[in-house]
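data_39.cif (mmCIF, C-alpha atoms and all ligand atoms) appears below.
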```cif
data_coords
loop_
_atom_site.label_atom_id
_atom_site.label_comp_id
_atom_site.auth_asym_id
_atom_site.auth_seq_id
_atom_site.Cartn_x
_atom_site.Cartn_y
_atom_site.Cartn_z
CA MET A 129 11.40 -98.37 1.42
CA GLU A 130 12.49 -95.86 4.03
CA THR A 131 11.77 -96.94 7.52
CA ILE A 132 11.47 -94.68 10.47
CA GLN A 133 14.54 -96.31 11.98
CA ASN A 134 16.94 -95.66 9.11
CA LEU A 135 15.78 -92.16 8.23
CA LEU A 136 15.24 -90.72 11.68
CA LYS A 137 17.19 -93.15 13.85
CA ILE A 138 14.51 -93.29 16.49
CA ASP A 139 13.23 -96.35 18.24
CA LYS A 140 9.48 -96.75 18.09
CA LYS A 141 9.78 -98.59 21.40
CA ASP A 142 10.40 -95.15 22.90
CA PHE A 143 6.63 -94.69 22.72
CA PRO A 144 5.07 -97.21 25.12
CA LEU A 145 1.51 -96.34 24.15
CA LEU A 146 2.19 -97.03 20.48
CA GLU A 147 3.93 -100.30 21.27
CA ASN A 148 1.70 -101.73 23.99
CA ASN A 149 -1.85 -101.13 22.79
CA PHE A 150 -3.50 -103.87 20.80
CA LYS A 151 -6.80 -104.41 19.03
CA ASN A 152 -7.53 -107.95 17.83
CA ASP A 153 -3.85 -108.90 18.26
CA ASN A 154 -2.66 -105.97 16.12
CA LYS A 155 -0.95 -102.89 17.48
CA ILE A 156 -3.28 -99.93 17.39
CA ILE A 157 -2.44 -97.32 14.79
CA TYR A 158 -2.55 -93.83 16.18
CA LEU A 159 -3.19 -91.23 13.50
CA ASP A 160 -4.36 -88.35 15.65
CA HIS A 161 -1.04 -86.64 16.34
CA ALA A 162 -2.47 -83.22 15.48
CA ALA A 163 -4.82 -83.54 18.46
CA THR A 164 -2.05 -84.62 20.79
CA THR A 165 1.29 -86.38 20.41
CA GLN A 166 2.20 -89.57 22.22
CA LYS A 167 4.88 -89.24 24.88
CA PRO A 168 8.30 -90.83 24.67
CA ILE A 169 9.57 -92.85 27.61
CA GLN A 170 12.11 -90.09 28.34
CA VAL A 171 9.22 -87.71 29.18
CA LEU A 172 7.45 -90.32 31.30
CA LYS A 173 10.66 -91.09 33.21
CA LYS A 174 11.33 -87.42 33.82
CA LEU A 175 7.88 -86.94 35.34
CA GLU A 176 8.53 -89.90 37.63
CA GLU A 177 11.99 -88.58 38.49
CA TYR A 178 10.58 -85.20 39.42
CA TYR A 179 7.92 -86.61 41.73
CA SER A 180 10.23 -89.28 43.17
CA ASN A 181 13.39 -87.23 43.64
CA PHE A 182 12.89 -83.48 43.72
CA ASN A 183 9.21 -82.61 44.02
CA ALA A 184 9.06 -79.16 45.65
CA ASN A 185 7.58 -75.77 44.94
CA VAL A 186 9.61 -73.42 42.77
CA HIS A 187 11.07 -69.96 43.46
CA ARG A 188 10.17 -70.26 47.15
CA GLY A 189 11.94 -72.56 49.56
CA ALA A 190 15.56 -72.15 50.50
CA HIS A 191 15.94 -75.93 50.66
CA GLN A 192 17.74 -78.11 48.16
CA LEU A 193 14.63 -79.75 46.72
CA SER A 194 13.15 -76.38 45.85
CA ALA A 195 16.46 -75.25 44.40
CA LYS A 196 16.62 -78.34 42.17
CA ALA A 197 12.94 -78.01 41.09
CA THR A 198 13.49 -74.31 40.33
CA GLU A 199 16.62 -75.04 38.34
CA GLU A 200 14.89 -77.67 36.19
CA PHE A 201 11.77 -75.52 35.77
CA GLU A 202 13.82 -72.51 34.64
CA ASN A 203 15.96 -74.72 32.39
CA ALA A 204 12.73 -75.75 30.69
CA ARG A 205 11.91 -72.09 30.06
CA SER A 206 15.39 -71.54 28.71
CA LEU A 207 15.08 -74.50 26.32
CA ILE A 208 11.77 -73.19 24.98
CA SER A 209 13.30 -69.74 24.60
CA LYS A 210 16.08 -71.23 22.46
CA TYR A 211 13.65 -73.44 20.56
CA VAL A 212 11.78 -70.39 19.24
CA ASN A 213 14.87 -68.13 19.26
CA ALA A 214 13.46 -65.61 21.75
CA ASN A 215 15.62 -62.73 22.88
CA SER A 216 15.35 -63.67 26.52
CA THR A 217 13.85 -66.28 28.84
CA LYS A 218 11.81 -63.41 30.30
CA GLU A 219 9.75 -63.53 27.12
CA ILE A 220 8.45 -67.06 27.75
CA ILE A 221 5.31 -67.20 29.90
CA PHE A 222 4.14 -70.63 30.98
CA THR A 223 0.42 -71.23 30.56
CA ARG A 224 -1.79 -74.32 30.73
CA ASN A 225 -1.96 -74.63 26.94
CA ALA A 226 -2.07 -72.54 23.77
CA THR A 227 -5.68 -71.60 24.44
CA GLU A 228 -4.67 -69.97 27.71
CA ALA A 229 -1.73 -68.28 25.97
CA ILE A 230 -4.10 -66.67 23.44
CA ASN A 231 -6.50 -65.69 26.22
CA LEU A 232 -3.59 -64.08 28.04
CA ALA A 233 -2.76 -62.01 24.96
CA ALA A 234 -6.44 -61.17 24.41
CA ARG A 235 -7.08 -60.13 28.01
CA SER A 236 -3.80 -58.50 28.98
CA TRP A 237 -2.87 -56.93 25.65
CA GLY A 238 -6.23 -56.77 23.84
CA GLU A 239 -8.44 -55.34 26.58
CA PHE A 240 -5.70 -52.94 27.61
CA THR A 241 -4.87 -51.68 24.12
CA LEU A 242 -7.83 -51.96 21.75
CA LYS A 243 -10.21 -49.05 21.30
CA GLU A 244 -13.72 -48.72 19.87
CA ASN A 245 -13.82 -49.47 16.10
CA ASP A 246 -10.35 -51.00 16.08
CA GLU A 247 -10.22 -54.13 13.98
CA ILE A 248 -8.88 -57.61 14.66
CA LEU A 249 -8.14 -59.64 11.57
CA LEU A 250 -8.35 -63.43 11.86
CA SER A 251 -8.56 -66.15 9.25
CA ILE A 252 -11.60 -68.31 8.65
CA MET A 253 -9.46 -71.42 9.21
CA GLU A 254 -8.70 -70.52 12.86
CA HIS A 255 -9.12 -73.00 15.67
CA HIS A 256 -11.85 -71.86 18.09
CA SER A 257 -9.14 -70.96 20.58
CA ASN A 258 -7.98 -68.19 18.27
CA ILE A 259 -11.51 -66.91 17.65
CA VAL A 260 -13.49 -66.98 20.89
CA PRO A 261 -10.99 -64.97 23.04
CA TRP A 262 -11.02 -62.23 20.39
CA GLN A 263 -14.82 -62.28 20.20
CA MET A 264 -14.85 -61.67 23.96
CA VAL A 265 -12.40 -58.76 23.71
CA ALA A 266 -14.22 -57.32 20.69
CA ALA A 267 -17.53 -57.36 22.58
CA LYS A 268 -15.97 -55.69 25.62
CA ASN A 269 -13.91 -53.06 23.81
CA LYS A 270 -16.38 -52.52 20.94
CA CYS A 271 -13.97 -53.66 18.26
CA LYS A 272 -14.68 -55.38 14.99
CA LEU A 273 -13.61 -58.87 13.93
CA LYS A 274 -12.83 -59.55 10.29
CA PHE A 275 -12.03 -62.89 8.66
CA ILE A 276 -9.70 -63.70 5.80
CA GLY A 277 -11.09 -66.33 3.44
CA ILE A 278 -9.37 -69.22 1.68
CA ASP A 279 -8.54 -69.65 -2.00
CA GLN A 280 -9.62 -72.44 -4.35
CA ASN A 281 -6.58 -74.52 -3.38
CA GLY A 282 -7.45 -74.45 0.32
CA ARG A 283 -4.82 -71.90 1.29
CA LEU A 284 -5.16 -68.51 2.91
CA ASP A 285 -6.42 -66.00 0.36
CA ILE A 286 -3.66 -63.37 0.38
CA ASP A 287 -5.62 -60.97 -1.84
CA ASP A 288 -8.53 -61.13 0.57
CA PHE A 289 -6.09 -60.48 3.42
CA LYS A 290 -4.70 -57.41 1.62
CA SER A 291 -8.19 -56.08 0.96
CA LYS A 292 -9.21 -56.43 4.63
CA LEU A 293 -6.01 -55.08 6.16
CA THR A 294 -6.34 -51.35 6.91
CA THR A 295 -4.91 -48.83 9.33
CA LYS A 296 -7.83 -49.77 11.61
CA THR A 297 -6.34 -53.28 11.95
CA LYS A 298 -4.57 -53.47 15.30
CA LEU A 299 -3.97 -57.21 15.36
CA VAL A 300 -3.63 -59.93 12.76
CA SER A 301 -3.95 -63.27 14.55
CA PHE A 302 -3.66 -66.48 12.59
CA LEU A 303 -2.38 -69.99 12.67
CA HIS A 304 0.91 -71.04 11.16
CA ILE A 305 -0.35 -74.44 10.04
CA SER A 306 -4.03 -75.28 9.84
CA ASN A 307 -5.10 -78.26 11.93
CA THR A 308 -7.80 -78.96 9.33
CA LEU A 309 -6.62 -77.78 5.91
CA GLY A 310 -3.00 -78.55 6.71
CA CYS A 311 -1.83 -75.49 4.77
CA CYS A 312 1.24 -73.60 5.96
CA ASN A 313 0.58 -69.87 6.00
CA PRO A 314 3.20 -67.39 4.75
CA VAL A 315 3.97 -65.82 8.12
CA LYS A 316 6.72 -63.46 6.98
CA GLU A 317 4.69 -62.04 4.11
CA ILE A 318 1.59 -61.53 6.27
CA THR A 319 3.63 -60.02 9.09
CA LYS A 320 5.44 -57.62 6.78
CA LEU A 321 2.14 -56.32 5.37
CA ALA A 322 0.55 -56.12 8.82
CA LYS A 323 3.48 -54.10 10.13
CA GLN A 324 3.18 -51.65 7.24
CA MET A 325 -0.33 -50.87 8.55
CA GLY A 326 0.91 -50.60 12.14
CA SER A 327 -0.74 -53.83 13.29
CA LEU A 328 0.69 -56.39 15.70
CA VAL A 329 0.77 -60.08 14.80
CA LEU A 330 -0.05 -63.16 16.86
CA LEU A 331 0.93 -66.57 15.54
CA ASP A 332 -0.82 -69.73 16.71
CA ALA A 333 2.03 -72.19 16.27
CA CYS A 334 0.27 -75.24 17.74
CA GLN A 335 0.55 -77.30 14.58
CA SER A 336 3.99 -76.17 13.45
CA LEU A 337 6.22 -76.21 16.53
CA ALA A 338 6.86 -79.97 16.43
CA HIS A 339 7.26 -80.11 12.67
CA GLN A 340 9.49 -77.31 11.44
CA LYS A 341 12.03 -74.77 12.65
CA LEU A 342 10.55 -71.53 13.85
CA ASP A 343 12.32 -68.29 14.72
CA VAL A 344 10.17 -65.59 16.30
CA ARG A 345 12.74 -62.86 15.62
CA ASP A 346 13.17 -63.76 12.00
CA LEU A 347 9.40 -63.96 11.48
CA GLY A 348 8.95 -60.48 12.97
CA ILE A 349 5.81 -61.44 14.91
CA ASP A 350 4.72 -60.07 18.30
CA PHE A 351 3.09 -63.03 20.04
CA LEU A 352 3.35 -66.78 19.63
CA ALA A 353 1.18 -69.41 21.30
CA GLY A 354 2.19 -73.05 21.74
CA SER A 355 0.92 -76.18 23.50
CA GLY A 356 3.28 -78.63 25.20
CA HIS A 357 1.20 -81.73 24.58
CA LYS A 358 1.68 -81.28 20.82
CA LEU A 359 5.44 -81.25 21.38
CA CYS A 360 5.69 -84.70 22.93
CA GLY A 361 5.27 -83.09 26.37
CA PRO A 362 2.54 -83.62 28.96
CA THR A 363 -0.86 -81.95 28.94
CA GLY A 364 -1.40 -78.93 31.21
CA ILE A 365 1.53 -76.90 29.91
CA GLY A 366 1.83 -74.39 27.10
CA PHE A 367 3.44 -71.03 26.62
CA LEU A 368 3.09 -67.56 25.26
CA TRP A 369 6.10 -65.82 23.78
CA SER A 370 5.99 -62.07 23.35
CA LYS A 371 8.47 -59.23 23.19
CA LYS A 372 9.80 -57.99 26.51
CA GLU A 373 8.70 -54.42 25.81
CA ILE A 374 5.10 -55.53 25.17
CA LEU A 375 4.96 -57.81 28.22
CA GLU A 376 6.42 -55.09 30.42
CA GLU A 377 3.77 -52.61 29.37
CA ILE A 378 0.60 -54.67 29.64
CA PRO A 379 -1.14 -55.62 32.90
CA PRO A 380 -1.06 -59.13 34.39
CA PHE A 381 -3.66 -61.73 33.48
CA PHE A 382 -4.26 -63.49 36.83
CA GLY A 383 -3.54 -62.13 40.30
CA GLY A 384 -2.18 -64.08 43.29
CA GLY A 385 1.02 -65.47 44.70
CA GLU A 386 4.25 -65.52 42.68
CA MET A 387 3.24 -62.68 40.35
CA ILE A 388 3.69 -59.85 42.87
CA GLN A 389 6.56 -57.80 44.17
CA ASP A 390 4.73 -56.17 47.11
CA VAL A 391 1.20 -56.59 48.37
CA PHE A 392 -0.44 -53.85 50.43
CA GLU A 393 -3.99 -53.84 51.72
CA GLU A 394 -5.38 -51.88 48.79
CA THR A 395 -2.86 -52.35 46.01
CA SER A 396 0.01 -54.48 44.81
CA THR A 397 3.02 -54.15 42.56
CA TRP A 398 4.02 -56.76 40.03
CA ALA A 399 6.96 -59.12 39.89
CA GLU A 400 9.52 -58.93 37.12
CA LEU A 401 8.97 -60.81 33.88
CA PRO A 402 8.11 -63.57 33.34
CA HIS A 403 6.68 -64.08 36.85
CA LYS A 404 4.26 -61.16 36.51
CA PHE A 405 2.15 -63.43 34.29
CA GLU A 406 2.51 -66.65 36.28
CA ALA A 407 0.20 -66.45 39.29
CA GLY A 408 0.17 -69.34 41.76
CA THR A 409 2.10 -72.60 41.74
CA PRO A 410 2.91 -73.37 38.12
CA ALA A 411 2.73 -76.73 36.35
CA ILE A 412 6.24 -77.69 37.47
CA ALA A 413 6.36 -81.34 36.49
CA GLU A 414 4.66 -80.55 33.20
CA ALA A 415 7.16 -77.83 32.27
CA ILE A 416 10.07 -80.13 33.10
CA GLY A 417 8.39 -82.93 31.13
CA LEU A 418 7.87 -80.60 28.18
CA ALA A 419 11.59 -79.81 28.16
CA GLU A 420 12.23 -83.54 27.80
CA GLY A 421 9.77 -83.70 24.88
CA ILE A 422 11.57 -80.83 23.14
CA LYS A 423 14.94 -82.49 23.76
CA TYR A 424 13.58 -85.63 22.13
CA ILE A 425 12.53 -83.63 19.05
CA ASN A 426 15.85 -81.75 19.01
CA ASN A 427 17.76 -85.02 19.17
CA ILE A 428 16.07 -86.22 16.01
CA GLY A 429 16.35 -82.77 14.42
CA LEU A 430 13.54 -80.68 12.96
CA ASP A 431 15.09 -80.72 9.49
CA LYS A 432 15.01 -84.51 9.41
CA ILE A 433 11.51 -84.57 10.87
CA LYS A 434 10.28 -82.20 8.18
CA LYS A 435 11.92 -84.20 5.41
CA TYR A 436 10.47 -87.45 6.68
CA GLU A 437 7.01 -86.00 7.25
CA ASN A 438 6.94 -84.45 3.76
CA HIS A 439 7.77 -87.87 2.38
CA ILE A 440 4.99 -89.71 4.20
CA THR A 441 2.51 -86.93 3.49
CA GLN A 442 3.15 -87.29 -0.21
CA TYR A 443 2.64 -91.04 0.16
CA LEU A 444 -0.58 -90.60 2.17
CA PHE A 445 -2.02 -88.27 -0.49
CA GLU A 446 -1.13 -90.71 -3.28
CA GLN A 447 -2.92 -93.51 -1.47
CA LEU A 448 -5.97 -91.47 -0.50
CA ASN A 449 -6.36 -90.14 -4.03
CA GLN A 450 -6.90 -93.68 -5.27
CA ILE A 451 -10.07 -93.98 -3.22
CA LYS A 452 -13.23 -93.36 -5.20
CA ASP A 453 -15.35 -90.31 -4.26
CA ILE A 454 -12.89 -89.04 -1.67
CA GLU A 455 -12.60 -85.27 -1.33
CA ILE A 456 -9.52 -84.00 0.48
CA ILE A 457 -9.79 -80.45 1.74
CA GLY A 458 -6.69 -78.24 1.85
CA PRO A 459 -3.77 -77.92 -0.58
CA THR A 460 -1.96 -80.90 -2.07
CA PRO A 461 1.72 -81.37 -1.12
CA LYS A 462 2.60 -80.17 -4.62
CA ILE A 463 0.76 -76.88 -4.16
CA ASP A 464 1.97 -76.40 -0.59
CA PRO A 465 5.24 -78.30 0.01
CA ASN A 466 5.29 -77.00 3.60
CA ARG A 467 1.86 -78.37 4.37
CA ALA A 468 1.22 -80.47 7.47
CA SER A 469 1.53 -84.23 7.59
CA LEU A 470 -2.21 -84.65 7.84
CA ALA A 471 -5.15 -85.08 5.49
CA THR A 472 -8.72 -84.04 6.12
CA PHE A 473 -11.33 -85.60 3.90
CA TYR A 474 -14.97 -86.51 3.39
CA ILE A 475 -16.79 -88.99 1.25
CA LYS A 476 -20.14 -87.99 -0.19
CA GLY A 477 -23.03 -89.88 1.38
CA ILE A 478 -21.02 -91.11 4.36
CA HIS A 479 -20.75 -89.38 7.73
CA SER A 480 -17.19 -88.93 8.94
CA ASN A 481 -18.16 -90.04 12.46
CA ASP A 482 -19.18 -93.43 11.04
CA ILE A 483 -15.82 -93.73 9.29
CA ALA A 484 -13.91 -92.89 12.49
CA GLU A 485 -15.99 -95.23 14.63
CA ILE A 486 -15.58 -98.22 12.33
CA LEU A 487 -11.86 -97.53 11.92
CA ASP A 488 -11.58 -97.42 15.70
CA SER A 489 -13.18 -100.86 15.92
CA LYS A 490 -10.39 -102.01 13.57
CA GLY A 491 -7.68 -100.45 15.75
CA VAL A 492 -7.06 -97.24 13.79
CA CYS A 493 -7.47 -93.95 15.66
CA ILE A 494 -8.41 -90.97 13.51
CA ARG A 495 -10.46 -87.89 14.28
CA SER A 496 -13.83 -86.81 12.91
CA GLY A 497 -16.04 -83.77 13.38
CA HIS A 498 -15.29 -80.09 12.96
CA HIS A 499 -11.84 -80.21 14.60
CA CYS A 500 -12.67 -77.03 16.59
CA CYS A 501 -13.02 -75.18 13.27
CA GLN A 502 -16.76 -74.63 12.89
CA PRO A 503 -16.44 -71.33 10.95
CA LEU A 504 -14.15 -73.08 8.44
CA HIS A 505 -16.56 -75.98 8.02
CA ARG A 506 -19.48 -73.57 7.48
CA TYR A 507 -17.36 -71.61 5.00
CA ILE A 508 -16.73 -74.70 2.90
CA GLY A 509 -20.27 -75.96 3.42
CA ILE A 510 -19.51 -79.27 5.16
CA ASN A 511 -20.57 -80.21 8.70
CA SER A 512 -17.98 -82.77 9.47
CA THR A 513 -14.77 -84.21 8.07
CA ALA A 514 -12.41 -87.06 8.92
CA ARG A 515 -8.79 -86.24 9.70
CA VAL A 516 -5.78 -88.48 9.70
CA SER A 517 -2.73 -86.81 11.21
CA MET A 518 0.78 -88.21 11.36
CA ASN A 519 4.13 -87.33 12.87
CA PHE A 520 7.68 -88.67 12.82
CA THR A 521 6.56 -91.92 14.47
CA THR A 522 4.21 -92.79 11.60
CA THR A 523 5.40 -95.43 9.14
CA LYS A 524 4.38 -96.25 5.58
CA GLU A 525 3.28 -99.63 6.85
CA GLU A 526 0.81 -97.91 9.17
CA ILE A 527 -0.45 -95.77 6.30
CA ASN A 528 -0.99 -98.93 4.22
CA ILE A 529 -2.97 -100.59 7.00
CA PHE A 530 -5.03 -97.43 7.47
CA ILE A 531 -5.78 -97.22 3.74
CA ASN A 532 -6.86 -100.87 3.57
CA LYS A 533 -9.09 -100.51 6.58
CA LEU A 534 -10.52 -97.26 5.22
CA LYS A 535 -11.42 -99.01 1.97
CA GLU A 536 -13.10 -101.85 3.91
CA THR A 537 -14.98 -99.27 5.99
CA ILE A 538 -16.25 -97.38 2.96
CA SER A 539 -17.42 -100.61 1.27
CA PHE A 540 -19.19 -101.69 4.45
CA LEU A 541 -20.93 -98.32 4.85
CA ARG A 542 -21.93 -98.21 1.19
CA ILE A 543 -23.48 -101.70 1.34
CA ASN A 544 -25.33 -100.85 4.54
CA SER A 545 -26.56 -97.40 3.55
C1 LIG A 601 -4.20 -74.80 15.40
C2 LIG A 601 -4.56 -75.00 16.84
N1 LIG A 601 -4.68 -73.94 17.64
C3 LIG A 601 -4.98 -74.06 18.93
C4 LIG A 601 -5.20 -75.29 19.49
C5 LIG A 601 -5.55 -75.37 20.93
O1 LIG A 601 -4.59 -76.07 21.65
P1 LIG A 601 -4.85 -76.40 23.19
O2 LIG A 601 -6.17 -77.12 23.24
O3 LIG A 601 -3.72 -77.26 23.57
O4 LIG A 601 -4.92 -75.12 23.90
C6 LIG A 601 -5.11 -76.43 18.71
C7 LIG A 601 -5.39 -77.76 19.25
O5 LIG A 601 -5.78 -78.68 18.57
C8 LIG A 601 -4.78 -76.29 17.33
O6 LIG A 601 -4.66 -77.34 16.53
#
```
Encoded form using structure tokens:
Amino acid sequence: METIQNLLKIDKKDFPLLENNFKNDNKIIYLDHAATTQKPIQVLKKLEEYYSNFNANVHRGAHQLSAKATEEFENARSLISKYVNANSTKEIIFTRNATEAINLAARSWGEFTLKENDEILLSIMEHHSNIVPWQMVAAKNKCKLKFIGIDQNGRLDIDDFKSKLTTKTKLVSFLHISNTLGCCNPVKEITKLAKQMGSLVLLDACQSLAHQKLDVRDLGIDFLAGSGHKLCGPTGIGFLWSKKEILEEIPPFFGGGEMIQDVFEETSTWAELPHKFEAGTPAIAEAIGLAEGIKYINNIGLDKIKKYENHITQYLFEQLNQIKDIEIIGPTPKIDPNRASLATFYIKGIHSNDIAEILDSKGVCIRSGHHCCQPLHRYIGINSTARVSMNFTTTKEEINIFINKLKETISFLRINS
């Protein structure tokens, strides 16, 4: 049997939380990586190093501490720029998270550009963070929101997309990989069609950035949103990538220090990119920590990560499918070989919150609820689902323990219902 050590050559001890947390003498099993990843020791050490050795504000002081902090902070930007194959570091805007990145696009680009009766095309599987900002812009600018449905295999319905895409569509905004269905959307195909209608494209890459290679230039998209905490980095840091020519044209999001060139009593002029969009003291430690998380992923290699995750996803599906009455939503690995290493499921007659709570009491952490995808859950007619999500740290042994404990949980709930 493949082990994480021989396939990926990583040491599980790199993740203190996964090694040091016990429930009833057993290590806890963390299967909620889609919500947030655990942090390797390299990230934790880097945060400590920053605060212990070179904590200072960036882009300001002439002193050596500030110079060192600025250098590391800008190196982090440069690493992210390479990670997504941006044209320039000027195209990477640090935000608090992906939600803020999408809000930045919605407010600075959307409110500035969209006109009455313009249409924004989203998919029904979007996370709330790629719905609510567009609802706000649509209400303000009197635009229309349209939603692409899903097909019978739990993938984006391309025919429905084609039927809803018109010359009125000014933005197609969708997720690369669904945090609930797990499907991997055909970004190039969607983008090509959107461009033919003159629409821009925003990609929510929250669930793909840590799992597969991504090249913004090759994909042909216009905006990309990512969250650092899903990339083995700390919370409080994310980024928006967009093309220089778009970012240069649109107004800033927040006003304040750092984002200006000159401030007069009545007006101000803006700083060069990317600083125009980064008002105030940024999340310095977090950006530097995120760079360490990305280096960790790069050291393993995204190709290997993908191969390993495909393998354990296949295994997870095989095991889950042996459980009576289980319904997994989203495409099987056979139908969508690029799907995420997660499975979202429900069992008739049992509430997913009960499953998650009992599993937690047995030391297994999974997620239950709507996973910030209420429109999707309404669309498929289910209130709540359970989600088990893995990453390169997950082993087959952990999957086996999870499956056994899930079976015990279901039996217990059936007897007591
Ligand atoms: C697909 C997707 N989009 C957006 C988000 C929002 O990320 P954040 O809360 O870090 O802004 C998430 C988080 O779970 C997600 O899974």
request  = Do a neighbour search on region 509-517 of chain A at 8 Å with all atoms listed in the file, toss out local chain neighbours closer than 4 positions, and write the hits as number ranges by chain.
outcome  = A: 159-162, 308, 469-474, 479-481, 483-484, 494-498, 502, 505
task = Check every protein, DNA and RNA residue against ligand LIG 601 (chain A), keep those with an atom at most 6 Å away (counting all atoms listed in the file), and present them as a list of chain:residue names.
result = A:Ala163, A:Asn225, A:Ala226, A:Thr227, A:His255, A:Ser257, A:Leu303, A:Ser306, A:Asn307, A:Asp332, A:Cys334, A:Gln335, A:Ser355
ask   = Which polymer residues have any atom within 9 Å of an atom of region 133-146 of chain A, counting all atoms listed in the file, with same-chain residues fewer than 5 positions away left out, as a count of residues only?
value = 16
query = With only C-alpha atoms as the atoms that count, which of A:Lys316, A:Lys372, A:His256, A:Lys341 lies nearest to Cys501 (chain A)?
reply = A:His256
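Rounded to one decimal, CA of Thr217 (chain A) and CA of Leu321 (chain A) lie 28.1 Å from each other.
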key: Nearest residue to Leu330 (chain A) from the set A:Leu401, A:Leu232, A:Glu239, A:Glu406 (distances using only C-alpha atoms)   = A:Leu232
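Minimum atom-to-atom distances from A:Asn245, A:Asn148, A:Ser291, A:Asn213 to Lys272 (chain A) were compared using only C-alpha atoms, and the lowest value belongs to A:Asn245.
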request  = Would you mind reading off the distance between CA of Cys360 (chain A) and CA of Asn149 (chain A), one decimal, in Å?
outcome  = 18.1 Å
Taking (-5.7, -52.6, 24.2) in the file's coordinates as the center, which residues reach within 12 Å of it, counting all atoms listed in the file, put as a short mmCIF file (atom, residue, chain, number, x, y, z; two decimals) with C-alpha atoms, in the frame of the given file?
```cif
data_model
loop_
_atom_site.label_atom_id
_atom_site.label_comp_id
_atom_site.auth_asym_id
_atom_site.auth_seq_id
_atom_site.Cartn_x
_atom_site.Cartn_y
_atom_site.Cartn_z
CA ALA A 233 -2.76 -62.01 24.96
CA ALA A 234 -6.44 -61.17 24.41
CA ARG A 235 -7.08 -60.13 28.01
CA SER A 236 -3.80 -58.50 28.98
CA TRP A 237 -2.87 -56.93 25.65
CA GLY A 238 -6.23 -56.77 23.84
CA GLU A 239 -8.44 -55.34 26.58
CA PHE A 240 -5.70 -52.94 27.61
CA THR A 241 -4.87 -51.68 24.12
CA LEU A 242 -7.83 -51.96 21.75
CA LYS A 243 -10.21 -49.05 21.30
CA GLU A 244 -13.72 -48.72 19.87
CA ASN A 245 -13.82 -49.47 16.10
CA ASP A 246 -10.35 -51.00 16.08
CA GLU A 247 -10.22 -54.13 13.98
CA ILE A 248 -8.88 -57.61 14.66
CA TRP A 262 -11.02 -62.23 20.39
CA VAL A 265 -12.40 -58.76 23.71
CA ALA A 266 -14.22 -57.32 20.69
CA LYS A 268 -15.97 -55.69 25.62
CA ASN A 269 -13.91 -53.06 23.81
CA LYS A 270 -16.38 -52.52 20.94
CA CYS A 271 -13.97 -53.66 18.26
CA LYS A 298 -4.57 -53.47 15.30
CA LEU A 299 -3.97 -57.21 15.36
CA LEU A 328 0.69 -56.39 15.70
CA ILE A 374 5.10 -55.53 25.17
CA GLU A 377 3.77 -52.61 29.37
CA ILE A 378 0.60 -54.67 29.64
CA PRO A 379 -1.14 -55.62 32.90
#
```
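With distances restricted to all atoms listed in the file, A:Asp464 is the closest residue to Leu284 (chain A) from A:Glu485, A:Asp464, A:Glu373, A:Glu536.
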N, CA and C atoms are what I want for region 482-492 of chain A; can you complete it accordingly and write them as a compact mmCIF listing (two decimals), in the frame of the given file?
```txt
# COMPACT_ATOMS: atom_id res chain seq x y z
N ASP A 482 -19.05 -91.98 11.28
CA ASP A 482 -19.18 -93.43 11.04
C ASP A 482 -17.83 -94.00 10.60
N ILE A 483 -17.14 -93.26 9.75
CA ILE A 483 -15.82 -93.73 9.29
C ILE A 483 -14.89 -93.89 10.50
N ALA A 484 -14.84 -92.86 11.34
CA ALA A 484 -13.91 -92.89 12.49
C ALA A 484 -14.28 -94.01 13.46
N GLU A 485 -15.57 -94.20 13.67
CA GLU A 485 -15.99 -95.23 14.63
C GLU A 485 -15.64 -96.63 14.13
N ILE A 486 -15.89 -96.87 12.85
CA ILE A 486 -15.58 -98.22 12.33
C ILE A 486 -14.06 -98.43 12.30
N LEU A 487 -13.33 -97.39 11.92
CA LEU A 487 -11.86 -97.53 11.92
C LEU A 487 -11.36 -97.82 13.34
N ASP A 488 -11.98 -97.19 14.32
CA ASP A 488 -11.58 -97.42 15.70
C ASP A 488 -11.79 -98.89 16.08
N SER A 489 -12.92 -99.44 15.61
CA SER A 489 -13.18 -100.86 15.92
C SER A 489 -12.14 -101.76 15.26
N LYS A 490 -11.45 -101.24 14.25
CA LYS A 490 -10.39 -102.01 13.57
C LYS A 490 -9.00 -101.62 14.10
N GLY A 491 -8.97 -100.79 15.13
CA GLY A 491 -7.68 -100.45 15.75
C GLY A 491 -6.97 -99.25 15.15
N VAL A 492 -7.69 -98.43 14.39
CA VAL A 492 -7.06 -97.24 13.79
C VAL A 492 -7.73 -95.99 14.38
```
